[in-house]
file my_file-v2.tsv (TSV, C-alpha atoms and all ligand atoms)
chain	number	residue	atom	x	y	z
A	88	MET	CA	-68.43	-15.06	-24.15
A	89	LYS	CA	-64.87	-15.83	-23.01
A	90	ILE	CA	-62.36	-13.36	-21.55
A	91	GLY	CA	-58.65	-13.79	-22.32
A	92	ILE	CA	-56.20	-12.20	-19.89
A	93	PHE	CA	-52.45	-12.31	-20.38
A	94	ASP	CA	-49.18	-11.08	-18.97
A	95	SER	CA	-45.50	-11.88	-19.38
A	96	GLY	CA	-45.86	-14.00	-16.25
A	97	ILE	CA	-47.74	-14.10	-12.97
A	98	GLY	CA	-48.18	-10.32	-12.54
A	99	GLY	CA	-51.44	-10.26	-14.49
A	100	LEU	CA	-52.95	-12.69	-11.98
A	101	SER	CA	-53.54	-9.55	-9.91
A	102	VAL	CA	-55.91	-8.34	-12.64
A	103	LEU	CA	-57.53	-11.77	-13.01
A	104	HIS	CA	-57.87	-11.96	-9.24
A	105	LEU	CA	-59.79	-8.68	-9.13
A	106	ALA	CA	-61.78	-9.43	-12.28
A	107	ARG	CA	-63.04	-12.70	-10.78
A	108	ARG	CA	-64.24	-10.88	-7.67
A	109	TYR	CA	-66.42	-8.62	-9.77
A	110	LEU	CA	-67.27	-11.17	-12.44
A	111	PRO	CA	-67.54	-14.49	-10.58
A	112	ASN	CA	-69.68	-16.09	-13.26
A	113	ASP	CA	-67.57	-15.27	-16.27
A	114	TYR	CA	-65.22	-17.61	-18.10
A	115	PHE	CA	-61.54	-16.74	-18.19
A	116	ILE	CA	-58.42	-17.93	-19.95
A	117	TYR	CA	-55.22	-16.76	-18.29
A	118	TYR	CA	-51.98	-16.86	-20.27
A	119	ALA	CA	-48.59	-16.31	-18.60
A	120	ASP	CA	-45.72	-16.08	-21.08
A	121	GLU	CA	-43.36	-17.89	-18.71
A	122	LYS	CA	-40.98	-18.69	-21.57
A	123	HIS	CA	-40.27	-15.03	-22.23
A	124	VAL	CA	-40.65	-13.27	-18.89
A	125	PRO	CA	-39.32	-10.64	-18.12
A	126	TYR	CA	-40.66	-8.47	-20.94
A	127	GLY	CA	-39.30	-5.37	-19.24
A	128	GLU	CA	-35.77	-6.32	-20.25
A	129	LYS	CA	-36.57	-7.32	-23.86
A	130	THR	CA	-36.54	-5.26	-27.05
A	131	LYS	CA	-39.71	-3.68	-28.39
A	132	GLU	CA	-39.54	-5.96	-31.45
A	133	GLU	CA	-39.39	-9.06	-29.28
A	134	ILE	CA	-42.29	-7.90	-27.11
A	135	MET	CA	-44.36	-7.03	-30.19
A	136	GLN	CA	-43.84	-10.54	-31.54
A	137	TYR	CA	-44.72	-12.26	-28.25
A	138	VAL	CA	-47.88	-10.19	-27.89
A	139	ASP	CA	-48.90	-10.88	-31.46
A	140	GLU	CA	-48.52	-14.63	-30.90
A	141	ILE	CA	-50.52	-14.51	-27.68
A	142	ILE	CA	-53.33	-12.57	-29.32
A	143	GLN	CA	-53.51	-15.14	-32.12
A	144	PHE	CA	-53.53	-17.88	-29.48
A	145	MET	CA	-56.40	-16.18	-27.68
A	146	ILE	CA	-58.37	-15.71	-30.90
A	147	ASN	CA	-57.89	-19.41	-31.70
A	148	LYS	CA	-59.24	-20.21	-28.23
A	149	GLY	CA	-62.39	-18.31	-29.16
A	150	VAL	CA	-62.15	-15.46	-26.68
A	151	ASP	CA	-64.34	-12.43	-27.32
A	152	VAL	CA	-62.31	-9.84	-25.48
A	153	ILE	CA	-58.65	-9.66	-24.51
A	154	VAL	CA	-57.15	-7.90	-21.50
A	155	ILE	CA	-53.43	-7.13	-21.63
A	156	ALA	CA	-52.71	-7.33	-17.91
A	157	CYS	CA	-49.23	-6.00	-18.48
A	158	ASN	CA	-48.17	-2.36	-18.59
A	159	THR	CA	-45.04	-3.22	-20.57
A	160	ALA	CA	-46.85	-5.14	-23.32
A	161	THR	CA	-49.52	-2.44	-23.50
A	162	SER	CA	-46.90	0.27	-23.77
A	163	VAL	CA	-45.21	-1.43	-26.71
A	164	ALA	CA	-47.95	-3.23	-28.58
A	165	VAL	CA	-51.54	-2.23	-27.86
A	166	LYS	CA	-51.80	0.39	-30.60
A	167	LYS	CA	-50.52	-1.88	-33.34
A	168	MET	CA	-52.54	-4.89	-32.15
A	169	ARG	CA	-55.75	-2.86	-32.19
A	170	THR	CA	-55.19	-1.95	-35.81
A	171	LYS	CA	-54.17	-5.49	-36.75
A	172	TYR	CA	-57.04	-7.41	-35.07
A	173	ASN	CA	-60.77	-6.76	-34.82
A	174	ILE	CA	-61.12	-8.26	-31.39
A	175	PRO	CA	-61.57	-5.74	-28.54
A	176	ILE	CA	-58.32	-5.30	-26.62
A	177	ILE	CA	-58.25	-3.67	-23.19
A	178	GLY	CA	-54.80	-2.50	-22.14
A	179	MET	CA	-53.40	-1.06	-18.95
A	180	GLU	CA	-51.10	1.79	-18.11
A	181	PRO	CA	-49.62	3.23	-14.90
A	182	ALA	CA	-52.42	4.96	-12.97
A	183	VAL	CA	-50.79	8.40	-13.00
A	184	LYS	CA	-54.04	10.27	-13.55
A	185	LYS	CA	-55.73	8.41	-10.71
A	186	ALA	CA	-52.87	9.29	-8.33
A	187	ILE	CA	-52.93	12.98	-9.26
A	188	ASP	CA	-56.75	13.18	-9.16
A	189	THR	CA	-57.01	11.36	-5.85
A	190	TYR	CA	-54.16	12.86	-3.88
A	191	GLY	CA	-53.85	16.35	-5.32
A	192	TYR	CA	-50.79	18.52	-5.23
A	193	ALA	CA	-47.92	16.31	-4.05
A	194	LYS	CA	-45.30	14.29	-5.82
A	195	VAL	CA	-46.01	10.83	-7.24
A	196	LEU	CA	-43.49	8.06	-7.87
A	197	VAL	CA	-44.23	5.64	-10.70
A	198	VAL	CA	-42.44	2.30	-10.37
A	199	ALA	CA	-42.45	0.16	-13.52
A	200	THR	CA	-40.25	-1.92	-15.83
A	201	PRO	CA	-37.38	-0.37	-17.86
A	202	VAL	CA	-39.40	-0.68	-21.09
A	203	THR	CA	-42.42	1.10	-19.60
A	204	VAL	CA	-40.30	3.83	-17.99
A	205	LYS	CA	-38.49	4.54	-21.27
A	206	GLY	CA	-41.62	4.16	-23.41
A	207	GLU	CA	-43.28	7.00	-25.29
A	208	LYS	CA	-46.67	5.99	-23.93
A	209	LEU	CA	-45.76	6.82	-20.34
A	210	HIS	CA	-44.11	10.05	-21.43
A	211	TYR	CA	-47.25	11.18	-23.27
A	212	LEU	CA	-49.37	10.18	-20.31
A	213	ILE	CA	-47.23	12.19	-17.91
A	214	GLU	CA	-47.16	15.13	-20.29
A	215	ARG	CA	-50.97	15.09	-20.46
A	216	PHE	CA	-51.73	14.89	-16.76
A	217	ASP	CA	-48.66	16.20	-14.97
A	218	LYS	CA	-48.95	19.91	-15.60
A	219	ASP	CA	-47.10	20.72	-12.38
A	220	HIS	CA	-44.24	18.25	-12.89
A	221	LEU	CA	-45.07	16.18	-9.88
A	222	VAL	CA	-44.39	12.76	-11.37
A	223	ASP	CA	-41.10	10.88	-11.08
A	224	ASN	CA	-40.44	7.38	-12.27
A	225	ILE	CA	-38.02	4.57	-11.63
A	226	ALA	CA	-37.54	1.10	-13.12
A	227	LEU	CA	-37.41	-1.82	-10.66
A	228	PRO	CA	-36.75	-4.79	-12.97
A	229	LYS	CA	-35.48	-7.07	-10.23
A	230	LEU	CA	-38.92	-7.18	-8.63
A	231	VAL	CA	-40.22	-9.07	-11.66
A	232	ARG	CA	-37.55	-11.72	-11.23
A	233	PHE	CA	-38.20	-11.92	-7.47
A	234	ALA	CA	-41.94	-12.32	-8.08
A	235	GLU	CA	-41.43	-15.11	-10.58
A	236	LYS	CA	-39.37	-16.94	-7.93
A	237	GLN	CA	-42.07	-16.30	-5.31
A	238	GLU	CA	-39.54	-14.32	-3.32
A	239	PHE	CA	-41.66	-11.53	-1.92
A	240	ASP	CA	-40.31	-10.37	1.39
A	241	SER	CA	-36.77	-11.68	1.70
A	242	GLN	CA	-33.80	-9.67	2.93
A	243	GLU	CA	-32.69	-9.34	-0.74
A	244	VAL	CA	-36.01	-7.78	-1.72
A	245	TYR	CA	-35.79	-5.42	1.23
A	246	ASN	CA	-32.20	-4.42	0.45
A	247	TYR	CA	-33.02	-3.89	-3.19
A	248	LEU	CA	-35.94	-1.59	-2.40
A	249	VAL	CA	-33.97	0.35	0.22
A	250	GLN	CA	-31.14	0.83	-2.25
A	251	GLN	CA	-33.40	1.90	-5.13
A	252	LEU	CA	-35.62	4.22	-3.11
A	253	SER	CA	-33.08	5.79	-0.78
A	254	SER	CA	-32.65	9.01	-2.77
A	255	TYR	CA	-36.36	9.98	-2.71
A	256	HIS	CA	-37.65	12.48	-0.16
A	257	PHE	CA	-40.93	10.77	0.52
A	258	GLU	CA	-42.20	13.58	2.74
A	259	ASN	CA	-42.93	15.39	-0.57
A	260	TYR	CA	-44.80	12.45	-2.10
A	261	SER	CA	-48.42	11.36	-1.77
A	262	SER	CA	-48.29	8.03	-3.50
A	263	ILE	CA	-46.49	5.33	-5.36
A	264	VAL	CA	-48.01	4.09	-8.61
A	265	LEU	CA	-47.48	0.36	-9.15
A	266	GLY	CA	-46.92	0.53	-12.90
A	267	CYS	CA	-46.15	-3.15	-13.34
A	268	THR	CA	-48.59	-5.87	-12.41
A	269	HIS	CA	-45.81	-7.95	-10.86
A	270	PHE	CA	-45.31	-5.26	-8.22
A	271	ASN	CA	-48.63	-5.87	-6.48
A	272	TYR	CA	-47.01	-8.77	-4.63
A	273	PHE	CA	-44.61	-6.47	-2.81
A	274	LYS	CA	-46.92	-4.06	-1.05
A	275	ASP	CA	-45.89	-5.37	2.37
A	276	SER	CA	-42.20	-4.99	1.50
A	277	PHE	CA	-42.75	-1.44	0.19
A	278	ARG	CA	-44.71	-0.71	3.36
A	279	LYS	CA	-41.68	-1.54	5.50
A	280	ILE	CA	-39.70	1.18	3.75
A	281	LEU	CA	-42.19	3.88	2.87
A	282	PRO	CA	-43.61	6.37	5.35
A	283	HIS	CA	-47.21	5.70	6.37
A	284	HIS	CA	-48.73	8.62	4.49
A	285	ILE	CA	-47.72	7.13	1.12
A	286	HIS	CA	-50.65	5.55	-0.74
A	287	PHE	CA	-50.47	2.73	-3.27
A	288	VAL	CA	-52.19	3.29	-6.59
A	289	ASP	CA	-52.51	0.65	-9.30
A	290	GLY	CA	-54.33	0.32	-12.59
A	291	ASN	CA	-56.10	-2.93	-11.81
A	292	GLU	CA	-59.40	-1.42	-10.75
A	293	GLY	CA	-59.53	0.83	-13.84
A	294	THR	CA	-58.73	-2.07	-16.14
A	295	VAL	CA	-61.38	-4.31	-14.60
A	296	ASN	CA	-63.89	-1.44	-14.85
A	297	HIS	CA	-63.21	-1.21	-18.57
A	298	LEU	CA	-63.71	-4.95	-18.87
A	299	MET	CA	-66.98	-4.79	-16.94
A	300	GLN	CA	-68.27	-2.00	-19.12
A	301	TYR	CA	-67.55	-4.15	-22.13
A	302	ILE	CA	-69.14	-7.36	-20.90
A	303	LYS	CA	-72.00	-6.08	-18.80
A	304	SER	CA	-74.57	-7.26	-21.29
A	305	HIS	CA	-73.21	-10.84	-21.35
A	306	GLU	CA	-73.72	-13.68	-18.93
A	307	ILE	CA	-71.37	-16.59	-18.70
A	308	GLN	CA	-70.57	-19.29	-16.17
A	309	GLY	CA	-67.16	-20.66	-15.64
A	310	ASP	CA	-63.73	-21.21	-14.30
A	311	VAL	CA	-60.16	-20.33	-15.40
A	312	GLU	CA	-57.91	-22.21	-17.80
A	313	TYR	CA	-54.22	-21.36	-17.35
A	314	TYR	CA	-51.57	-21.43	-20.08
A	315	TYR	CA	-47.81	-21.11	-19.82
A	316	SER	CA	-46.58	-19.92	-23.22
A	317	GLY	CA	-49.18	-21.88	-25.10
A	318	GLU	CA	-49.08	-25.03	-22.92
A	319	LYS	CA	-52.20	-25.69	-20.89
A	320	VAL	CA	-51.28	-25.92	-17.21
A	321	THR	CA	-52.61	-29.23	-15.89
A	322	ASP	CA	-49.80	-30.25	-13.56
A	323	GLU	CA	-51.02	-30.19	-9.91
A	324	LYS	CA	-47.79	-28.55	-8.74
A	325	GLN	CA	-48.06	-25.71	-11.25
A	326	LEU	CA	-51.72	-25.15	-10.43
A	327	GLU	CA	-50.76	-25.03	-6.76
A	328	ARG	CA	-48.10	-22.47	-7.65
A	329	ILE	CA	-50.75	-20.26	-9.24
A	330	GLU	CA	-53.01	-20.73	-6.18
A	331	THR	CA	-50.14	-19.51	-3.98
A	332	TYR	CA	-50.02	-16.31	-6.00
A	333	LEU	CA	-53.77	-15.83	-5.77
A	334	THR	CA	-53.70	-16.36	-2.00
A	335	ARG	CA	-50.97	-13.78	-1.68
A	336	LEU	CA	-52.98	-11.34	-3.81
A	337	ASP	CA	-55.84	-11.77	-1.29
A	338	GLN	CA	-53.45	-10.68	1.44
A	339	MET	CA	-52.10	-7.80	-0.66
A	340	LEU	CA	-55.61	-6.44	-1.32
A	341	ARG	CA	-56.00	-5.88	2.44
A	342	ILE	CA	-52.88	-3.68	2.62
A	343	LYS	CA	-53.77	-0.02	2.09
A	401	LIG	N1	-46.10	-7.51	-15.48
A	401	LIG	C1	-45.58	-6.71	-16.51
A	401	LIG	C2	-46.02	-5.25	-16.43
A	401	LIG	O1	-47.07	-4.95	-15.94
A	401	LIG	C3	-44.17	-6.90	-17.01
A	401	LIG	C4	-43.14	-7.59	-16.20
A	401	LIG	C5	-41.98	-8.07	-17.07
A	401	LIG	O2	-42.15	-9.09	-17.72
A	401	LIG	O3	-40.94	-7.40	-17.10
A	401	LIG	O4	-45.34	-4.37	-16.91
call {"tool": "encode", "arguments": {"input": "my_file-v2.tsv", "output": "structure tokens", "more": "lines below"}}
Ligand code: DGL
result
Amino acid sequence: MKIGIFDSGIGGLSVLHLARRYLPNDYFIYYADEKHVPYGEKTKEEIMQYVDEIIQFMINKGVDVIVIACNTATSVAVKKMRTKYNIPIIGMEPAVKKAIDTYGYAKVLVVATPVTVKGEKLHYLIERFDKDHLVDNIALPKLVRFAEKQEFDSQEVYNYLVQQLSSYHFENYSSIVLGCTHFNYFKDSFRKILPHHIHFVDGNEGTVNHLMQYIKSHEIQGDVEYYYSGEKVTDEKQLERIETYLTRLDQMLRIK
């Protein structure tokens, strides 16, 4: 059995990174759609088409299960892709329920891409679990661009976050939901701005749990193959680039 994981770019490495910790003997294919990132600033039609192509790519590679390690792609395309293809598809969505269940009666701020924030899927999710109207959301599209450039804790990142978050009264909030997989790289930068009582919540653990439930009866040995928009990544420099992201994700996991 092979597991295909994809994202618009390097954000989904945070899901792969966690999945490999729990499933060290499984075989992964990781696909970053570097040609089309950022999805969060594209139309729904464009995203639908990219996702469709990636799923066909994954099927041709012989994967048995696909993880959409992208909240934006899930928001737009998971429903349609599940009706179109027989292959099991695990999606991810901002962990609103987890934040409310874990931290109780206090406000929650969801940070995500513009497409996710505007999407019906998030609105239904909030409607279902946010009976007391505790959930706010904001799009932070520039973080995706910063992450793709490996710019994680520059003055520009700091200024951007200060500017975007300055109107929130964080004393009323319990947590911030990282509703875009690219945002996991910025936990230290968020930390500099947010008061200490604010917790980070992301959907990675939940997504990997779904994957584990699915594959628990299979045993596979292996490594990861990386693809950039259909091109296998073999170039040393590019593989080093991916390693840099994975190393940073190790550091980010330690930040609570
Ligand atoms: N990493 C993606 C997500 O989780 C999308 C980032 C983008 O391409 O805009 O939403």
call {"tool": "axis_aligned_box", "arguments": {"input": "my_file-v2.tsv", "around": "ligand LIG 401 (chain A)", "padding_each_side": "5 Å", "output": "lines of an AutoDock Vina configuration file"}}
result
center_x = -44.0
center_y = -6.7
center_z = -16.6
size_x = 16.1
size_y = 14.7
size_z = 12.2
call {"tool": "residues_near_ligand", "arguments": {"input": "my_file-v2.tsv", "ligand": "ligand LIG 401 (chain A)", "cutoff": "9 Å", "atoms": "all atoms listed in the file", "output": "count of residues only"}}
result
42
call {"tool": "atom_distance", "arguments": {"input": "my_file-v2.tsv", "atom1": "CA of Gly91 (chain A)", "atom2": "CA of Lys274 (chain A)"}}
result
26.2 Å
call {"tool": "atom_distance", "arguments": {"input": "my_file-v2.tsv", "atom1": "CA of Tyr245 (chain A)", "atom2": "CA of Ser276 (chain A)"}}
result
6.4 Å
call {"tool": "atom_distance", "arguments": {"input": "my_file-v2.tsv", "atom1": "CA of Ile176 (chain A)", "atom2": "CA of Asn296 (chain A)"}}
result
13.6 Å
call {"tool": "closest_residue", "arguments": {"input": "my_file-v2.tsv", "among": "A:Glu292, A:Asp275, A:Glu323, A:Glu132", "to": "Lys343 (chain A)", "atoms": "all atoms listed in the file"}}
result
A:Asp275
call {"tool": "closest_residue", "arguments": {"input": "my_file-v2.tsv", "among": "A:Val311, A:Val150, A:Val244, A:Ile187", "to": "His220 (chain A)", "atoms": "only C-alpha atoms"}}
result
A:Ile187
call {"tool": "residues_around", "arguments": {"input": "my_file-v2.tsv", "residues": "Met299 (chain A)", "least_positions_apart": "5", "cutoff": "12 Å", "atoms": "all atoms listed in the file", "output": "compact mmCIF listing (two decimals) with C-alpha atoms, in the frame of the given file"}}
result
# COMPACT_ATOMS: atom_id res chain seq x y z
CA ILE A 90 -62.36 -13.36 -21.55
CA LEU A 105 -59.79 -8.68 -9.13
CA ALA A 106 -61.78 -9.43 -12.28
CA ARG A 107 -63.04 -12.70 -10.78
CA ARG A 108 -64.24 -10.88 -7.67
CA TYR A 109 -66.42 -8.62 -9.77
CA LEU A 110 -67.27 -11.17 -12.44
CA PRO A 111 -67.54 -14.49 -10.58
CA ASP A 113 -67.57 -15.27 -16.27
CA VAL A 152 -62.31 -9.84 -25.48
CA VAL A 154 -57.15 -7.90 -21.50
CA ILE A 177 -58.25 -3.67 -23.19
CA GLU A 292 -59.40 -1.42 -10.75
CA GLY A 293 -59.53 0.83 -13.84
CA THR A 294 -58.73 -2.07 -16.14
CA SER A 304 -74.57 -7.26 -21.29
CA HIS A 305 -73.21 -10.84 -21.35
CA GLU A 306 -73.72 -13.68 -18.93
call {"tool": "closest_residue", "arguments": {"input": "my_file-v2.tsv", "among": "A:Leu326, A:Ala182, A:Thr170, A:Lys131", "to": "Glu207 (chain A)", "atoms": "all atoms listed in the file"}}
result
A:Lys131
call {"tool": "residues_around", "arguments": {"input": "my_file-v2.tsv", "residues": "Tyr118 (chain A)", "least_positions_apart": "4", "cutoff": "8 Å", "atoms": "all atoms listed in the file", "output": "list in words"}}
result
Gly91, Ile92, Phe93, Asp94, Gly96, Ile141, Tyr313, Tyr314, Tyr315, Ser316 and Gly317 of chain A
call {"tool": "closest_residue", "arguments": {"input": "my_file-v2.tsv", "among": "A:Glu214, A:Thr321, A:Leu209, A:Tyr190", "to": "Ile263 (chain A)", "atoms": "all atoms listed in the file"}}
result
A:Tyr190
call {"tool": "closest_residue", "arguments": {"input": "my_file-v2.tsv", "among": "A:Ala234, A:Lys194, A:Ile153, A:Tyr247", "to": "Leu103 (chain A)", "atoms": "all atoms listed in the file"}}
result
A:Ile153
call {"tool": "closest_atom_pairs", "arguments": {"input": "my_file-v2.tsv", "of": "region 167-216 of chain A", "to": "region 249-253 of chain A", "cutoff": "12 Å", "atoms": "all atoms listed in the file", "output": "CSV"}}
result
residue,atom,partner,partner_atom,distance
A:Leu196,CA,A:Leu252,CA,10.0
A:Val197,CA,A:Leu252,CA,11.6
A:Val198,CA,A:Leu252,CA,10.1
call {"tool": "residues_around", "arguments": {"input": "my_file-v2.tsv", "residues": "Tyr272 (chain A)", "least_positions_apart": "5", "cutoff": "7 Å", "atoms": "only C-alpha atoms", "output": "count of residues only"}}
result
3
call {"tool": "closest_residue", "arguments": {"input": "my_file-v2.tsv", "among": "A:Leu221, A:Ala164, A:Tyr192, A:Ile116", "to": "Met135 (chain A)", "atoms": "all atoms listed in the file"}}
result
A:Ala164
call {"tool": "build_atoms", "arguments": {"input": "my_file-v2.tsv", "residues": "region 253-281 of chain A", "atoms": "N, CA and C atoms", "output": "JSON list (two decimals), in the coordinates of the input"}}
result
[["chain", "number", "residue", "atom", "x", "y", "z"],
["A", 253, "SER", "N", -33.70, 4.98, -1.84],
["A", 253, "SER", "CA", -33.08, 5.79, -0.78],
["A", 253, "SER", "C", -32.93, 7.27, -1.15],
["A", 254, "SER", "N", -32.88, 7.60, -2.43],
["A", 254, "SER", "CA", -32.65, 9.01, -2.77],
["A", 254, "SER", "C", -33.94, 9.85, -2.83],
["A", 255, "TYR", "N", -35.10, 9.21, -2.61],
["A", 255, "TYR", "CA", -36.36, 9.98, -2.71],
["A", 255, "TYR", "C", -36.74, 10.57, -1.36],
["A", 256, "HIS", "N", -37.18, 11.83, -1.39],
["A", 256, "HIS", "CA", -37.65, 12.48, -0.16],
["A", 256, "HIS", "C", -39.16, 12.26, -0.07],
["A", 257, "PHE", "N", -39.53, 11.16, 0.56],
["A", 257, "PHE", "CA", -40.93, 10.77, 0.52],
["A", 257, "PHE", "C", -41.87, 11.71, 1.26],
["A", 258, "GLU", "N", -41.31, 12.61, 2.07],
["A", 258, "GLU", "CA", -42.20, 13.58, 2.74],
["A", 258, "GLU", "C", -42.90, 14.47, 1.69],
["A", 259, "ASN", "N", -42.32, 14.56, 0.49],
["A", 259, "ASN", "CA", -42.93, 15.39, -0.57],
["A", 259, "ASN", "C", -43.87, 14.60, -1.48],
["A", 260, "TYR", "N", -44.00, 13.32, -1.22],
["A", 260, "TYR", "CA", -44.80, 12.45, -2.10],
["A", 260, "TYR", "C", -46.11, 12.06, -1.44],
["A", 261, "SER", "N", -47.14, 11.85, -2.30],
["A", 261, "SER", "CA", -48.42, 11.36, -1.77],
["A", 261, "SER", "C", -48.54, 9.87, -1.99],
["A", 262, "SER", "N", -47.93, 9.40, -3.09],
["A", 262, "SER", "CA", -48.29, 8.03, -3.50],
["A", 262, "SER", "C", -47.24, 7.40, -4.40],
["A", 263, "ILE", "N", -47.36, 6.10, -4.49],
["A", 263, "ILE", "CA", -46.49, 5.33, -5.36],
["A", 263, "ILE", "C", -47.41, 4.57, -6.33],
["A", 264, "VAL", "N", -47.17, 4.75, -7.61],
["A", 264, "VAL", "CA", -48.01, 4.09, -8.61],
["A", 264, "VAL", "C", -47.34, 2.79, -9.02],
["A", 265, "LEU", "N", -48.02, 1.68, -8.79],
["A", 265, "LEU", "CA", -47.48, 0.36, -9.15],
["A", 265, "LEU", "C", -47.75, 0.18, -10.65],
["A", 266, "GLY", "N", -46.76, 0.52, -11.45],
["A", 266, "GLY", "CA", -46.92, 0.53, -12.90],
["A", 266, "GLY", "C", -46.46, -0.74, -13.57],
["A", 267, "CYS", "N", -46.46, -1.82, -12.81],
["A", 267, "CYS", "CA", -46.15, -3.15, -13.34],
["A", 267, "CYS", "C", -46.95, -4.11, -12.50],
["A", 268, "THR", "N", -47.67, -5.01, -13.17],
["A", 268, "THR", "CA", -48.59, -5.87, -12.41],
["A", 268, "THR", "C", -47.85, -6.84, -11.47],
["A", 269, "HIS", "N", -46.58, -7.10, -11.77],
["A", 269, "HIS", "CA", -45.81, -7.95, -10.86],
["A", 269, "HIS", "C", -45.56, -7.28, -9.49],
["A", 270, "PHE", "N", -45.70, -5.97, -9.44],
["A", 270, "PHE", "CA", -45.31, -5.26, -8.22],
["A", 270, "PHE", "C", -46.37, -5.33, -7.12],
["A", 271, "ASN", "N", -47.57, -5.75, -7.49],
["A", 271, "ASN", "CA", -48.63, -5.87, -6.48],
["A", 271, "ASN", "C", -48.28, -6.85, -5.37],
["A", 272, "TYR", "N", -47.38, -7.77, -5.64],
["A", 272, "TYR", "CA", -47.01, -8.77, -4.63],
["A", 272, "TYR", "C", -46.10, -8.22, -3.54],
["A", 273, "PHE", "N", -45.63, -6.99, -3.73],
["A", 273, "PHE", "CA", -44.61, -6.47, -2.81],
["A", 273, "PHE", "C", -45.10, -5.35, -1.92],
["A", 274, "LYS", "N", -46.42, -5.20, -1.82],
["A", 274, "LYS", "CA", -46.92, -4.06, -1.05],
["A", 274, "LYS", "C", -46.44, -4.10, 0.40],
["A", 275, "ASP", "N", -46.35, -5.30, 0.97],
["A", 275, "ASP", "CA", -45.89, -5.37, 2.37],
["A", 275, "ASP", "C", -44.41, -4.98, 2.47],
["A", 276, "SER", "N", -43.61, -5.36, 1.47],
["A", 276, "SER", "CA", -42.20, -4.99, 1.50],
["A", 276, "SER", "C", -42.02, -3.48, 1.29],
["A", 277, "PHE", "N", -42.80, -2.91, 0.36],
["A", 277, "PHE", "CA", -42.75, -1.44, 0.19],
["A", 277, "PHE", "C", -43.15, -0.76, 1.50],
["A", 278, "ARG", "N", -44.20, -1.32, 2.12],
["A", 278, "ARG", "CA", -44.71, -0.71, 3.36],
["A", 278, "ARG", "C", -43.62, -0.56, 4.43],
["A", 279, "LYS", "N", -42.73, -1.57, 4.47],
["A", 279, "LYS", "CA", -41.68, -1.54, 5.50],
["A", 279, "LYS", "C", -40.74, -0.35, 5.30],
["A", 280, "ILE", "N", -40.68, 0.15, 4.08],
["A", 280, "ILE", "CA", -39.70, 1.18, 3.75],
["A", 280, "ILE", "C", -40.34, 2.56, 3.64],
["A", 281, "LEU", "N", -41.56, 2.59, 3.14],
["A", 281, "LEU", "CA", -42.19, 3.88, 2.87],
["A", 281, "LEU", "C", -42.86, 4.45, 4.10]]
